[in-house]
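J.: This structure is in structure tokens; I'll ask about it shortly.
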Amino acid sequence: MKEFARNVFRTIYKSYMVEGARWDLKFDIPICPCTATEIPKSLVYYNDPKIPTDFEGFVHFYMDDYKFESIWRNPKNSLQRLRRFAGIITPDFSTYLDMPAALKIYNTYRMRAFGYWLGKQGLQVINNVRWGYSNSYKYCFDGIEQNSIVCISSLASLGTKSDEKRFTEGLAAMVETLKPSHILFYGMQGRNFMDKYIEAGVPVTFYDPPKFHTVQFVEKTYLRFKKW
């Protein structure tokens with residue numbers, strides 16, 4: 001009975017995903033190496049990869065969690081669909097400002113664990129980076145190696161001056177901590193914040209969201225910032 005319970009627990013938190021991983025030990029977040037060997041030609045909105053689309057692009061998850069939570073519940077089923085694409089940006093599991101810190105750390109863990117597992121399956125993987133206030137810096141960059149390609153998004157992140165301050169301060173902390181070899185930027189807002197990094201020699205590639213994606217997030221952003 002105890003062994004059965006232990007196996008169920010292992011299944012729930014997907015321990016098989018991190019077998020053989022190296023760890024950032026402060027919060028036990030697995031290190032997810034960037035396995036991509038090229039810059040994505042495009043970033044593809046994850047909805048249902050069974051629908052024919054741009055298979056030369058990398059799949060991203062910059063959307064509401066309920067639209068992609070199935071990849072964590074049934075990762076082996078999702079794997080076959082994701083293999084059809086050139087690669088993936090690791091999932092953007094939510095780390096909302098008003099979430100308890102424990103949940104934000106857990107979702108950071110899930111980003112890295114899922115990406116590490118996909119890398120072991122031979123997929124090209126690029127880490128998504130998501131930060132909040134300065135107190136998130138102690139864990140939000142964990143599990144990402146320095147001098148690698150990273151991806152960030154400004155969707156649903158820039159609604160007020162204080163949001164811009166938080167975003168730019170976190171961006172500076174990310175660049176200082178991770179020293180990325182290349183930054184992928186998904187979103188229309190906030191591109192000017194990248195100017196000083198481009199001038200400093202950091203390669204940056206911008207990706208435009210589809211119009212429907214931009215409108216969808218603009219409509220929801222106000223409600224989210226009111227809640228925050």
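Residues are referred to by chain and number: the chain letter is A, B, ... according to the order shown in the structure tokens, the number counts from 1 in that chain, and ligands are numbered separately from 1 in the order shown.
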I'd like the contact shell of Gln146 of chain A - 10 Å cut-off, only C-alpha atoms, skipping same-chain residues fewer than 3 positions apart - returned as an NGL selection string.

T.: :A and (33-34 or 141 or 143 or 149-150 or 175-181)

J.: How would the residues just picked look written out with all heavy atoms as an mmCIF file, in the first residue's frame?

T.:
data_model
loop_
_atom_site.group_PDB
_atom_site.id
_atom_site.type_symbol
_atom_site.label_atom_id
_atom_site.label_comp_id
_atom_site.auth_asym_id
_atom_site.auth_seq_id
_atom_site.Cartn_x
_atom_site.Cartn_y
_atom_site.Cartn_z
ATOM 1 N N PRO A 33 18.721 22.885 -19.895
ATOM 2 C CA PRO A 33 19.640 23.411 -20.910
ATOM 3 C C PRO A 33 18.891 23.857 -22.160
ATOM 4 O O PRO A 33 17.892 23.243 -22.548
ATOM 5 C CB PRO A 33 20.547 22.211 -21.221
ATOM 6 C CG PRO A 33 20.382 21.278 -20.068
ATOM 7 C CD PRO A 33 18.966 21.468 -19.598
ATOM 8 N N CYS A 34 19.362 24.927 -22.755
ATOM 9 C CA CYS A 34 18.846 25.327 -24.057
ATOM 10 C C CYS A 34 19.430 24.367 -25.084
ATOM 11 O O CYS A 34 20.649 24.295 -25.243
ATOM 12 C CB CYS A 34 19.246 26.764 -24.373
ATOM 13 S SG CYS A 34 18.835 27.297 -26.050
ATOM 14 N N PHE A 141 15.068 33.078 -12.116
ATOM 15 C CA PHE A 141 16.096 32.816 -13.123
ATOM 16 C C PHE A 141 16.757 31.455 -12.909
ATOM 17 O O PHE A 141 17.615 31.055 -13.708
ATOM 18 C CB PHE A 141 17.163 33.913 -13.100
ATOM 19 C CG PHE A 141 16.595 35.316 -13.198
ATOM 20 C CD1 PHE A 141 16.975 36.304 -12.299
ATOM 21 C CD2 PHE A 141 15.658 35.627 -14.172
ATOM 22 C CE1 PHE A 141 16.458 37.587 -12.380
ATOM 23 C CE2 PHE A 141 15.125 36.908 -14.266
ATOM 24 C CZ PHE A 141 15.522 37.891 -13.366
ATOM 25 N N GLY A 143 17.551 27.549 -12.881
ATOM 26 C CA GLY A 143 17.321 26.489 -13.852
ATOM 27 C C GLY A 143 17.646 26.876 -15.279
ATOM 28 O O GLY A 143 17.424 26.083 -16.203
ATOM 29 N N ILE A 149 20.269 31.094 -25.258
ATOM 30 C CA ILE A 149 19.135 31.809 -25.852
ATOM 31 C C ILE A 149 17.985 31.766 -24.852
ATOM 32 O O ILE A 149 17.695 30.714 -24.268
ATOM 33 C CB ILE A 149 18.693 31.138 -27.162
ATOM 34 C CG1 ILE A 149 19.863 30.996 -28.137
ATOM 35 C CG2 ILE A 149 17.562 31.938 -27.821
ATOM 36 C CD1 ILE A 149 19.556 30.083 -29.323
ATOM 37 N N VAL A 150 17.320 32.901 -24.658
ATOM 38 C CA VAL A 150 16.129 32.929 -23.796
ATOM 39 C C VAL A 150 15.016 33.666 -24.528
ATOM 40 O O VAL A 150 15.260 34.411 -25.481
ATOM 41 C CB VAL A 150 16.408 33.616 -22.435
ATOM 42 C CG1 VAL A 150 17.480 32.866 -21.657
ATOM 43 C CG2 VAL A 150 16.786 35.078 -22.625
ATOM 44 N N VAL A 175 19.231 40.076 -17.542
ATOM 45 C CA VAL A 175 20.414 40.188 -18.396
ATOM 46 C C VAL A 175 21.692 40.090 -17.560
ATOM 47 O O VAL A 175 22.652 39.413 -17.942
ATOM 48 C CB VAL A 175 20.382 41.505 -19.195
ATOM 49 C CG1 VAL A 175 21.703 41.725 -19.926
ATOM 50 C CG2 VAL A 175 19.220 41.496 -20.184
ATOM 51 N N GLU A 176 21.696 40.723 -16.401
ATOM 52 C CA GLU A 176 22.876 40.672 -15.532
ATOM 53 C C GLU A 176 23.117 39.260 -15.005
ATOM 54 O O GLU A 176 24.262 38.798 -14.925
ATOM 55 C CB GLU A 176 22.703 41.634 -14.357
ATOM 56 C CG GLU A 176 23.892 41.656 -13.410
ATOM 57 C CD GLU A 176 23.713 42.620 -12.247
ATOM 58 O OE1 GLU A 176 22.702 43.347 -12.224
ATOM 59 O OE2 GLU A 176 24.587 42.642 -11.360
ATOM 60 N N THR A 177 22.042 38.574 -14.649
ATOM 61 C CA THR A 177 22.172 37.238 -14.054
ATOM 62 C C THR A 177 22.488 36.163 -15.092
ATOM 63 O O THR A 177 23.382 35.334 -14.896
ATOM 64 C CB THR A 177 20.870 36.853 -13.317
ATOM 65 O OG1 THR A 177 20.598 37.834 -12.304
ATOM 66 C CG2 THR A 177 20.988 35.475 -12.665
ATOM 67 N N LEU A 178 21.752 36.174 -16.197
ATOM 68 C CA LEU A 178 21.856 35.086 -17.180
ATOM 69 C C LEU A 178 22.831 35.378 -18.315
ATOM 70 O O LEU A 178 23.267 34.455 -19.004
ATOM 71 C CB LEU A 178 20.475 34.768 -17.755
ATOM 72 C CG LEU A 178 19.419 34.286 -16.759
ATOM 73 C CD1 LEU A 178 18.105 34.011 -17.461
ATOM 74 C CD2 LEU A 178 19.896 33.039 -16.008
ATOM 75 N N LYS A 179 23.121 36.650 -18.558
ATOM 76 C CA LYS A 179 24.013 37.026 -19.659
ATOM 77 C C LYS A 179 23.635 36.277 -20.948
ATOM 78 O O LYS A 179 24.462 35.546 -21.529
ATOM 79 C CB LYS A 179 25.467 36.754 -19.279
ATOM 80 C CG LYS A 179 25.924 37.547 -18.062
ATOM 81 C CD LYS A 179 27.335 37.174 -17.632
ATOM 82 C CE LYS A 179 27.837 38.085 -16.514
ATOM 83 N NZ LYS A 179 26.937 38.127 -15.333
ATOM 84 N N PRO A 180 22.390 36.441 -21.394
ATOM 85 C CA PRO A 180 21.911 35.647 -22.534
ATOM 86 C C PRO A 180 22.705 35.917 -23.810
ATOM 87 O O PRO A 180 23.132 37.045 -24.075
ATOM 88 C CB PRO A 180 20.451 36.100 -22.683
ATOM 89 C CG PRO A 180 20.393 37.442 -22.041
ATOM 90 C CD PRO A 180 21.378 37.394 -20.915
ATOM 91 N N SER A 181 22.878 34.865 -24.594
ATOM 92 C CA SER A 181 23.575 34.997 -25.876
ATOM 93 C C SER A 181 22.655 35.591 -26.933
ATOM 94 O O SER A 181 23.119 36.162 -27.930
ATOM 95 C CB SER A 181 24.084 33.631 -26.347
ATOM 96 O OG SER A 181 22.992 32.736 -26.544
#

J.: I need the strand (DSSP E or B) residues of segment 92-188 of chain A per DSSP on the backbone, written as a list in words.

T.: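 DSSP on the backbone gives strand (DSSP E or B) at Val125, Ile126, Asn127, Asn128, Ile149, Val150, Cys151, Ile152, Ser153, His182, Ile183, Leu184, Phe185 and Tyr186 of chain A.
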
J.: Please produce an output containing N, CA, C and O atoms for each residue in the selection, written as a tab-separated table (two decimals), in the first residue's frame.

T.:
chain	number	residue	atom	x	y	z
A	125	VAL	N	14.79	23.17	-27.48
A	125	VAL	CA	14.11	23.86	-26.38
A	125	VAL	C	14.81	25.19	-26.08
A	125	VAL	O	16.04	25.25	-26.02
A	126	ILE	N	13.99	26.23	-25.90
A	126	ILE	CA	14.49	27.54	-25.46
A	126	ILE	C	13.70	27.93	-24.22
A	126	ILE	O	12.47	27.81	-24.18
A	127	ASN	N	14.39	28.40	-23.20
A	127	ASN	CA	13.74	28.74	-21.93
A	127	ASN	C	12.96	30.05	-22.02
A	127	ASN	O	13.47	31.07	-22.49
A	128	ASN	N	11.73	30.00	-21.55
A	128	ASN	CA	10.94	31.19	-21.28
A	128	ASN	C	11.37	31.73	-19.92
A	128	ASN	O	11.61	30.98	-18.98
A	149	ILE	N	20.27	31.09	-25.26
A	149	ILE	CA	19.13	31.81	-25.85
A	149	ILE	C	17.99	31.77	-24.85
A	149	ILE	O	17.69	30.71	-24.27
A	150	VAL	N	17.32	32.90	-24.66
A	150	VAL	CA	16.13	32.93	-23.80
A	150	VAL	C	15.02	33.67	-24.53
A	150	VAL	O	15.26	34.41	-25.48
A	151	CYS	N	13.79	33.46	-24.06
A	151	CYS	CA	12.63	34.12	-24.65
A	151	CYS	C	11.84	34.83	-23.57
A	151	CYS	O	11.63	34.28	-22.48
A	152	ILE	N	11.40	36.06	-23.86
A	152	ILE	CA	10.55	36.81	-22.94
A	152	ILE	C	9.35	37.34	-23.72
A	152	ILE	O	9.35	37.38	-24.95
A	153	SER	N	8.31	37.72	-22.98
A	153	SER	CA	7.12	38.27	-23.62
A	153	SER	C	6.60	39.46	-22.82
A	153	SER	O	6.67	39.47	-21.59
A	182	HIS	N	21.35	35.47	-26.71
A	182	HIS	CA	20.35	35.99	-27.65
A	182	HIS	C	19.03	36.08	-26.91
A	182	HIS	O	18.69	35.17	-26.15
A	183	ILE	N	18.29	37.16	-27.11
A	183	ILE	CA	16.98	37.32	-26.48
A	183	ILE	C	15.90	37.32	-27.55
A	183	ILE	O	15.98	38.10	-28.51
A	184	LEU	N	14.92	36.46	-27.41
A	184	LEU	CA	13.74	36.48	-28.26
A	184	LEU	C	12.66	37.27	-27.54
A	184	LEU	O	12.42	37.05	-26.35
A	185	PHE	N	12.01	38.19	-28.22
A	185	PHE	CA	11.02	39.07	-27.60
A	185	PHE	C	9.70	38.90	-28.33
A	185	PHE	O	9.59	39.24	-29.52
A	186	TYR	N	8.68	38.40	-27.62
A	186	TYR	CA	7.36	38.17	-28.21
A	186	TYR	C	6.39	39.22	-27.69
A	186	TYR	O	6.12	39.29	-26.48

J.: Quick one: residues within 12 Å of segment 80-85 of chain A, only C-alpha atoms, excluding same-chain residues fewer than 4 positions away - as an NGL selection string?

T.: :A and (40-60 or 71 or 74-76 or 89-90 or 115 or 118-119 or 121-125)

J.: Could you build a table of the residues in segment 132-218 of chain A lying no more than 12 Å from segment 13-25 of chain A, giving for each the nearest pair of atoms and their separation in Å rounded to one decimal place, using only C-alpha atoms, ordered by chain and ascending residue number, as CSV?

T.:
residue,atom,partner,partner_atom,distance
A:Lys138,CA,A:Asp24,CA,11.0
A:Tyr139,CA,A:Asp24,CA,9.1
A:Cys140,CA,A:Asp24,CA,11.1
A:Phe141,CA,A:Asp24,CA,9.8
A:Asp142,CA,A:Asp24,CA,6.1
A:Gly143,CA,A:Asp24,CA,5.9
A:Ile144,CA,A:Asp24,CA,9.0
A:Glu145,CA,A:Asp24,CA,10.1

J.: May I ask which of the residues A:Tyr62, A:Arg130, A:Tyr109, A:Lys67 is the closest one to Thr95 of chain A, counting only C-alpha atoms?

T.: A:Arg130

J.: So, with only C-alpha atoms as the atoms that count, which of A:Cys32, A:Val129, A:Ala102, A:Val204 lies closest to Trp117 of chain A?

T.: A:Cys32

J.: So how far away is atom CA of Tyr66 of chain A from atom CA of Phe206 of chain A, in Å?

T.: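 According to the coordinates, atom CA of Phe206 of chain A and atom CA of Tyr66 of chain A are separated by 25.9 Å.
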